[in-house]
Structure formats: C-alpha cells, structure tokens
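Working notes, beginning with the structure itself.
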Amino acid sequence: MRVVISIGGSVLAPDLDADRVAGHGAAVEALVEAGCEVGAVVGGGGVAREYIGTARRLGANEVQLDQFGIDVTRINARLLIAALDGLSAPSPAHDYEEAGEALRRGDVPVMGGVMPGQTTDAVAAALAEYVDADLLVYATSVDGVFNADPDTDPEAERHGRLTGAELVDLIAPMSRGAGASAPVDLLAAKLIERSKMRTIVLDGTDPERIEAAVLRGEHTGTDVVPEGCTENPDGWSR
Ligand SMILES: Nc1ncnc2c1ncn2[C@@H]1O[C@H](COP(=O)(O)OP(=O)(O)O)[C@@H](O)[C@H]1O
Ligand SMILES: O=c1ccn([C@@H]2O[C@H](COP(=O)(O)OP(=O)(O)O)[C@@H](O)[C@H]2O)c(=O)[nH]1
C-alpha cells in the first residue's frame with residue numbers, strides 16, 4: 001500500500017519535544033517495515049503562527065507571511081527526517097517530482113510547504129494524487145471532521161464517513177475569512193474530491209493511532225470515501 005501521511009505541526013512539534021518527534025518517526029518506520037511505501041508532509045504549528053504574527057506586526061504582506069510559514073514547515077520536516085534515521089532523503093523535497101523520485105528510489109519523501117496561498121493540507125493531497133497513493137491520512141489535533149468546531153462546541157458531532165463532495169461542502173463555509181480554522185483546508189478537500197482519494201482524518205497526537213489506521217483500518221476519526229463507495233472490505237469502514 002502506498003500512503004501519504006500529513007502530520008500537523010501542532011501534532012509533531014508543539015513544543016519541539018524530541019521524544020514526540022521520535023514517536024512519529026517510529027510510526028513511519030513501522031509502516032515501512034510492514035511493507036508500505038510512505039510519503040510524509042509536515043505542518044508548521046504554533047511556531048509558524050508565532051513567526052507569522054510577529055512578521056505581520058512588522059508589516060509583512062500575506063505572501064511574505066506564507067513564506068515564513070513555509071520555512072517553519074520545512075524546518076519541522078527536517079526534524080522528522082532526523083528521526084527517520086536514514087530512511088528518508090536527507091532534506092525535504094521542494095516539489096512533487098522530487099518527492100516522487102525519492103519514493104521510486106525506496107526512500108520516504110518528506111515535504112513541508114511548497115508555495116504561498118495554501119497550507120500543508122493541500123500539499124499532502126497533491127502529493128497523494130501525484131504518487132497515486134492508495135490512502136491519505138491527516139494526523140491532526142482533532143479526531144475527525146465534526147459538524148461544528150469540537151474545540152469550542154461540546155455538542156459537536158463527528159462525521160464517521162463522508163464523500164469528497166460532502167467534505168468540500170462542509171469545509172467551504174469554515175474557510176471564509178482570515179484565521180479561519182478547519183480540520184483540512186478547502187483546496188485539500190477539492191483535491192481529495194477530484195482524485196477520489198481515500199482519506200482518513202484522525203487525532204494523530206498518539207502516533208500509534210496512525211499505524212492502527214493504516215495497517216488495520218482501526219480508527220475513530222472520519223473516513224472520506226469516493227462517491228458511491230459501499231464496500232466494507234478489510235481495513236476500511238468501521
Ligand atoms: N468542524 C470541524 N471539525 C473538526 N475540526 C474543526 C472544525 N472546525 C474547526 N476545527 C478546528 O480545526 C483545527 C484543526 O487542527 P489544527 O490545530 O489546525 O492542527 P494541524 O496542526 O493538524 O493543522 C482544530 O483546532 C479544530 O478545533
Ligand atoms: O504550501 C504551503 C504550506 C504552508 N504555507 C504556510 O505555512 C503555514 C503553516 O502551514 P500549515 O498551516 O500547513 O501548518 P499546520 O496548521 O499543519 O501546523 C500556513 O498557514 C501558510 O501560511 C504556505 O503558504 N504554503
């Protein structure tokens with residue numbers, strides 16, 4: 001199975017704790033040992049937001065702010081590379097072609113951001129489409145896609161299963177306005193719909209959950225499945 005894992009910055013490096021990063025590296029290694037081809041995309045988290053906040057106060061424009069974010073995602077990607085112990089290329093891939101070449105060589109490509117105007121959610125969706133992945137996993141800070149923000153609404157209910165089109169419809173209103181927060185961004189949702197990519201959104205704070213979802217189909221988050229998919233094979237629906 002070929003899988004792309006998107007690890008949010010808030011999940012991988014909220015505090016630059018080495019053990020946490022090592023845990024995510026170990027999860028990727030376990031997937032490779034189990035026979036998966038793995039690509040990883042890493043986000044910027046709170047550190048990126050701090051840089052962006054400071055640079056905004058200094059008068060930087062939105063594209064410049066995104067460049068700060070991209071730089072932080074790439075530094076976080078280097079942290080994951082350090083934890084992968086030679087399993088990956090030595091530096092984060094700059095684009096999808098470089099990542100695809102690494103995958104063909106048998107390495108684990110690790111990416112951060114690539115261009116202003118999007119987030120690493122979209123990078124992960126594009127990489128998954130580019131390498132024709134079987135599965136895309138968003139390891140984020142919330143356990144799936146809810147009908148309201150679970151961080152602020154205790155009544156929020158999780159969607160267990162969505163189609164790509166339903167994901168786009170849910171995310172679109174969340175994405176209006178600066179600073180809007182959503183479990184995946186709108187461009188990512190559109191790429192998932194277009195590519196019909198099987199996708200899981202889950203709480204990845206414990207990296208073993210990522211392993212369980214990929215290897216055994218066990219998770220409590222949200223499955224995004226192609227339109228009309230009714231199958232319930234091993235490791236898919238719960
Ligand atoms: N309907 C929703 N379902 C799930 N999460 C939501 C929703 N609306 C807003 N969110 C927010 O989306 C955020 C996604 O995680 P985020 O902190 O951006 O992590 P990451 O570092 O993985 O990108 C969470 O803070 C969550 O509160
Ligand atoms: O291809 C990319 C990826 C990231 N970013 C910038 O980097 C920030 C941090 O990335 P992301 O939001 O994916 O991090 P996460 O929320 O996963 O920690 C984003 O808000 C954008 O400003 C960007 O401009 N282009």
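We label chains A, B, ... in the order they appear in the structure tokens, count residues from 1 in each chain, and number ligands from 1 in the order shown.
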Could you name the residues that touch Ala77 (chain A) at 12 Å or less, counting only C-alpha atoms, but leaving out those on the same chain fewer than 5 positions away, as a ChimeraX atom specification?
/A:6-9,12-13,21,24-25,39-45,70-72,82-84,88-94,108-113,120
Select from chain A every residue with an atom at most 10 Å from any atom of ligand 1, then for each give the shortest pair of atoms and their distance in Å to one decimal, using only C-alpha atoms and all ligand atoms, rows by chain and rising number, as a tab-separated table.
```
residue	atom	partner	partner_atom_place_in_ligand_line	distance
A:Ser6	CA	ligand 1	22 (O)	8.0
A:Ile7	CA	ligand 1	22 (O)	6.3
A:Gly8	CA	ligand 1	22 (O)	3.3
A:Gly9	CA	ligand 1	21 (O)	4.3
A:Ser10	CA	ligand 1	21 (O)	3.8
A:Val11	CA	ligand 1	21 (O)	5.8
A:Leu12	CA	ligand 1	21 (O)	8.0
A:Ala13	CA	ligand 1	21 (O)	8.9
A:Pro14	CA	ligand 1	21 (O)	8.5
A:Val42	CA	ligand 1	21 (O)	8.8
A:Gly43	CA	ligand 1	21 (O)	6.1
A:Gly44	CA	ligand 1	21 (O)	6.9
A:Gly45	CA	ligand 1	21 (O)	5.0
A:Gly46	CA	ligand 1	21 (O)	7.9
A:Thr119	CA	ligand 1	23 (O)	8.4
A:Thr120	CA	ligand 1	23 (O)	8.0
A:Asp121	CA	ligand 1	23 (O)	7.4
A:Tyr138	CA	ligand 1	22 (O)	7.3
A:Ala139	CA	ligand 1	22 (O)	6.2
A:Thr140	CA	ligand 1	22 (O)	3.5
A:Ser141	CA	ligand 1	15 (O)	4.8
A:Val142	CA	ligand 1	24 (C)	5.7
A:Asp143	CA	ligand 1	4 (C)	7.3
A:Gly144	CA	ligand 1	4 (C)	5.7
A:Val145	CA	ligand 1	3 (N)	3.9
A:Phe146	CA	ligand 1	3 (N)	3.7
A:Asn147	CA	ligand 1	1 (N)	4.9
A:Ala148	CA	ligand 1	1 (N)	4.1
A:Asp149	CA	ligand 1	8 (N)	3.6
A:Pro150	CA	ligand 1	27 (O)	5.6
A:Asp151	CA	ligand 1	27 (O)	4.4
A:Thr152	CA	ligand 1	27 (O)	7.0
A:Asp153	CA	ligand 1	27 (O)	9.1
A:Ala156	CA	ligand 1	1 (N)	7.7
A:Glu157	CA	ligand 1	3 (N)	8.5
A:Arg158	CA	ligand 1	3 (N)	7.4
A:His159	CA	ligand 1	3 (N)	8.7
A:Leu170	CA	ligand 1	1 (N)	7.6
A:Ile171	CA	ligand 1	1 (N)	7.6
A:Pro173	CA	ligand 1	1 (N)	9.9
A:Met174	CA	ligand 1	8 (N)	6.6
A:Ser175	CA	ligand 1	8 (N)	9.3
A:Ala180	CA	ligand 1	9 (C)	7.8
A:Ser181	CA	ligand 1	12 (O)	4.8
A:Ala182	CA	ligand 1	12 (O)	3.8
A:Pro183	CA	ligand 1	14 (C)	4.0
A:Val184	CA	ligand 1	14 (C)	6.9
A:Asp185	CA	ligand 1	23 (O)	8.9
A:Val201	CA	ligand 1	4 (C)	9.0
A:Leu202	CA	ligand 1	22 (O)	9.4
A:Asp203	CA	ligand 1	22 (O)	8.5
A:Gly204	CA	ligand 1	22 (O)	8.2
A:Thr205	CA	ligand 1	22 (O)	9.2
A:Gly221	CA	ligand 1	4 (C)	9.9
A:Thr222	CA	ligand 1	4 (C)	9.7
```
Residues near Arg104 (chain A), cut-off 10 Å, only C-alpha atoms, skip fewer than 5 positions along chain, as a PyMOL selection string:
chain A and resi 37+98-99+109+131
Keeping C-alpha atoms for every residue in the selection just given, could you write it to a file as a tab-separated table (two decimals), in the first residue's frame?
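Final output, saved to result21.tsv:
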```
chain	number	residue	atom	x	y	z
A	37	GLU	CA	5.51	2.98	0.67
A	98	GLU	CA	11.41	15.39	-6.23
A	99	ALA	CA	9.18	13.61	-3.70
A	109	PRO	CA	9.92	11.62	0.85
A	131	VAL	CA	2.20	9.50	-6.45
```
Nearby residues (only C-alpha atoms) at most 10 Å from region 212-215 of chain A, same-chain spacing under 5 positions excluded, as a list in words:
Met1, Arg2, Val3, Ile5, Ala27, Ala30, Leu31, Ala34, Gly35, Cys36, Leu135, Leu136, Val137, Ile200, Val201, Leu202, Pro207, Thr220, Gly221, Gly235 and Trp236 of chain A
Writing out the chosen residues with C-alpha atoms as a compact mmCIF listing (two decimals), in the first residue's frame:
```
# COMPACT_ATOMS: atom_id res chain seq x y z
CA MET A 1 0.00 0.00 0.00
CA ARG A 2 1.20 3.50 -0.85
CA VAL A 3 0.24 6.05 1.78
CA ILE A 5 0.70 10.92 5.96
CA ALA A 27 5.36 5.11 13.33
CA ALA A 30 6.75 0.69 11.35
CA LEU A 31 4.65 1.36 8.25
CA ALA A 34 5.09 -3.55 7.26
CA GLY A 35 5.62 -3.09 3.50
CA CYS A 36 4.03 0.33 2.92
CA LEU A 135 -4.56 6.27 1.13
CA LEU A 136 -4.09 9.76 2.56
CA VAL A 137 -4.07 10.23 6.33
CA ILE A 200 -8.78 9.46 6.89
CA VAL A 201 -8.83 12.46 9.24
CA LEU A 202 -7.86 11.40 12.74
CA PRO A 207 1.42 8.17 16.50
CA THR A 220 -12.33 6.65 15.42
CA GLY A 221 -11.96 9.62 13.05
CA GLY A 235 -9.46 -2.28 6.96
CA TRP A 236 -11.97 0.16 5.53
```
Can you pull out every residue from region 155-225 of chain A that DSSP, working from the backbone, puts in helix (DSSP H, G or I), and format the result as a VMD selection string?
chain A and resid 164 to 174 186 to 195 207 to 216
Just how far from CA of Ala48 (chain A) is CA of Tyr130 (chain A), in Å to one decimal?
26.2 Å
Leu65 (chain A) environment, 8 Å, only C-alpha atoms, sequence neighbours closer than 6 positions dropped, as a list in words
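Close residues of Leu65 (chain A): Ile52, Ala55 and Arg56 of chain A.
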